[in-house]
Amino acid sequence: MTVHCEIAGGVALITIDNPPLNVLGQATRAGLDAAIIQAVEAGVGRIILTGAGRAFVAGADAKEFDGPPLAPHLNEILARLAALSIPTVAAINGIALGGGCEIALACRYRIAAPSAGLGLPEVTLGIVPGSGGTQRLPRLTGIAAAVDLIGQGGSVKAAEALDLGMIDAIAEDPVAAAKALDEATLRGALVADVRPAPEADAAAIEAARGLVARRMPGQTAPLIAIGLVEAAAEHPLEANLAAERKAFLDLRGADQSRALRHIFFAERAALSAGKAFPAPVGAIETAIVVGGGNMGAAIAYTLASSGIHVTVVETDAAGQVRAQANVDGLVQQGVKRGALSADAAARIATRLTCVAGFDALPQVDLAIEAAFEDMEVKRGIFATLPASQPETTILATNTSYLDVNRLADGIHNPGRFLGLHFFSPAHIMKLLEIVRGERTSAETLGVAFALAKRLGKMPVLAGVCDGFIGNRILTRYRQVADILLIEGALPGQVDAAMRGFGMAMGPYAAQDMSGLDIAYANRKRQNLKDRTDIRHVPVADMLVEDMKRLGRKSGAGWYDYDDKARPMPSAAVEKVILEASAGAGVTRRSFAPEDISGRILLAMIAEAADILDEGIAARPRDIDIVLVHGYGFPRWRGGLLHYADTLGTAAILRRIEELAVADPLTWRVPPLLRRLADTGTAFADLND
């Protein structure tokens, strides 16, 4: 049974017991309904609801959302619970999210453990609370607090919940406190449904909508949720509850909710992927990071923040000083942002040491190379570094593009070598590509996944190719964007089209942010301008070589920048683009935004199909995770290949075939895509 009802001394203790997190599937809802009926029929004087284990209730079973709603429905159960004349107490022993929070809100009184957390995160899954959350919460907290939590899908700890009025008390043992609660207090408590409607707060509603526009552009559910909270002050409760339920049912079957659920489950799969490899014998406690530049310092700071003692290695004394300044700067930024207390910052600082040279290095569990993206530089490091370390030390490269197998050449016991591709800035970005070389052992991969979990990273296993998963798709993205430039688009139009699709930044603004010299070095390494098997556009090379436009750091890149670093269209860049079009014999034409984004996305999908076919990525959902967490692909579209399935593989195939006829150097049909289209198969079918 997933719900137990124990009746003793006139008290019914209803315990929701559906491990590990007591989610509300159909069986659990039915059990809850039956337990409430049992308590009422027994004539008890008090009903206490709690959860077994470490959770109260962590929400609904989202797997049910792909089918029709199954009775009994939580909104109806909670309507009956709220209407009981018997006093009800929520003894919140752990997390109470979504439907769990709504159960608590439907009770007359709420007592939470100090470690408990409450929230209504439904908008993060593309839905709204569907069992009274948008109406009962503002009756307890007021409009401002409710719209902030519900509109952002946030949660709060018990202490803040008490301050807001979400709960009535905090106790180490909420069940014992609920049993001991005096009758007068309990009888005087009012369920939210009979409390006065909250006062209208137009300023809070406007602020909430503005926040959603900035943080969650393109998403439907947050704005609907805000409207429902606003209605709590304007319309009768019964009508609002009906509107809330309708919105919930409408949204849960919509594209955005399906996409967000896909990413939610893909993330859960990614976080559990390490179970396929041997569990490490011990944890990583010490590390070396070779290179104290921006990336190396950020990796070192990330490791130190998780409790690992890190030695940052630079080539000389001047480099050592720069590295120390870089890591100290990150610690100071953490304090300034409020992410670190002064004590936490001091502890992190004690775990960070910067040195010059490879002499007298400590022996460590992990050594990561984070030097300049050059094969010979990196091979030189791995020719020297292993001699200072025991053979048990895991050796890793943070290369973004280079051949991990060649970097492993010459390393004794290459089974301990792999790629750990952190994304910049490494202390903020959650994605970690774990690159499996041809000789990387399963034990080493087990250590890597355990490290990712400790660092709070989203791990994705990748095979070896130029750019692995993410940067290989990024290269294709930029290539097709450049072709659009010489055919008639301008950088601002391309960027606007991709932002309109939902990308966090367009390709040219992103290049200006990271620096045009980075992509330039990669193009030189690949010798793209001399290849005859691709259509190379020279504009980006000219900006770097001839005009020294390196992006924001030089004050000019694809865009010009004013004294406040605001981007503006550049007449000089437009002149170079127009000259490149003329030099290629191209008659420029205009493009609609959807034509720009559509062509770029087709190219990205095609590249992803090849990555899957070659085994560089194991499953489509892994590619979706990489694009969402590493490259700003809109989460509410579910990632690149989930989005591809909304278009249909047959439709994608037809469009790429048309493009390949017109431009065979740029376009060809991926064999996997043809197989999927011919068999009526979706990318999602390859996930299991």
# chains A, B, ... in the order shown; residues from 1 in each chain; ligands from 1

call {"tool": "select_by_dssp", "arguments": {"residues": "segment 329-511 of chain A", "states": "strand (DSSP E)", "output": "list in words"}}
result
Leu352, Thr353, Cys354, Val355, Ala356, Leu366, Ala367, Ile368, Glu369, Ile394, Leu395, Ala396, Thr397, Phe417, Leu418, Gly419, Leu420, His421, Phe422, Leu431, Leu432, Glu433, Ile434, Val435, Met458, Pro459, Val460, Leu461 and Ala462 of chain A

call {"tool": "residues_around", "arguments": {"residues": "Ile434 of chain A", "least_positions_apart": "4", "cutoff": "12 Å", "atoms": "only C-alpha atoms", "output": "ChimeraX atom specification"}}
result
/A:270,273-274,396-400,404,417-423,440,444-452,457-464,468-470,616-617,622,626

call {"tool": "closest_residue", "arguments": {"among": "A:Pro19, A:Leu550, A:Glu76, A:Ala233", "to": "Ser514 of chain A", "atoms": "only C-alpha atoms"}}
result
A:Leu550

call {"tool": "select_by_dssp", "arguments": {"residues": "segment 427-610 of chain A", "states": "helix (DSSP H, G or I)", "output": "number ranges by chain"}}
result
A: 442-455, 470-487, 491-501, 507-514, 516-526, 528-530, 539-545, 552-554, 571-583, 593-610

call {"tool": "residues_around", "arguments": {"residues": "segment 371-384 of chain A", "least_positions_apart": "4", "cutoff": "9 Å", "atoms": "only C-alpha atoms", "output": "list in words"}}
result
Val290, Gly291, Gly292, Gly293, Met295, Gly296, Phe358, Ser388, Leu395, Thr397, Asn398, Thr399, Ser400, Tyr401, Leu402, Asp403, Arg406, Leu407, Ala408, Asp409, Gly410, Ile411, Ile518, Ala521, Asn522 and Arg525 of chain A

call {"tool": "residues_around", "arguments": {"residues": "segment 644-658 of chain A", "least_positions_apart": "3", "cutoff": "8 Å", "atoms": "only C-alpha atoms", "output": "number ranges by chain"}}
result
A: 602, 605, 640-641, 661-662, 667-669, 673-674, 676-678, 680-684

call {"tool": "residues_around", "arguments": {"residues": "Arg347 of chain A", "least_positions_apart": "2", "cutoff": "12 Å", "atoms": "only C-alpha atoms", "output": "VMD selection string"}}
result
chain A and resid 301 304 to 309 331 340 to 345 349 to 352

call {"tool": "atom_distance", "arguments": {"atom1": "atom CA of Glu199 of chain A", "atom2": "atom CA of Leu81 of chain A"}}
result
25.2 Å

call {"tool": "atom_distance", "arguments": {"atom1": "atom CA of Tyr520 of chain A", "atom2": "atom CA of Ala504 of chain A"}}
result
22.4 Å

call {"tool": "closest_residue", "arguments": {"among": "A:Gln526, A:Thr134, A:Thr315, A:Ser257", "to": "Ala231 of chain A", "atoms": "only C-alpha atoms"}}
result
A:Thr134

call {"tool": "closest_residue", "arguments": {"among": "A:Ala83, A:Leu24, A:Ala30, A:Leu237", "to": "Asp61 of chain A", "atoms": "only C-alpha atoms"}}
result
A:Leu24

call {"tool": "atom_distance", "arguments": {"atom1": "atom CA of Trp558 of chain A", "atom2": "atom CA of Ala297 of chain A"}}
result
27.9 Å

call {"tool": "residues_around", "arguments": {"residues": "Ala158 of chain A", "least_positions_apart": "3", "cutoff": "12 Å", "atoms": "only C-alpha atoms", "output": "PyMOL selection string"}}
result
chain A and resi 91-96+110-119+155+161-172+174

call {"tool": "residues_around", "arguments": {"residues": "Asp365 of chain A", "least_positions_apart": "6", "cutoff": "9 Å", "atoms": "only C-alpha atoms", "output": "count of residues only"}}
result
12

call {"tool": "closest_residue", "arguments": {"among": "A:Glu607, A:Asp201, A:Asp546, A:Glu64", "to": "Gln479 of chain A", "atoms": "only C-alpha atoms"}}
result
A:Glu607

call {"tool": "closest_residue", "arguments": {"among": "A:Pro671, A:Gly334, A:Pro278, A:Pro386", "to": "Glu443 of chain A", "atoms": "only C-alpha atoms"}}
result
A:Pro278
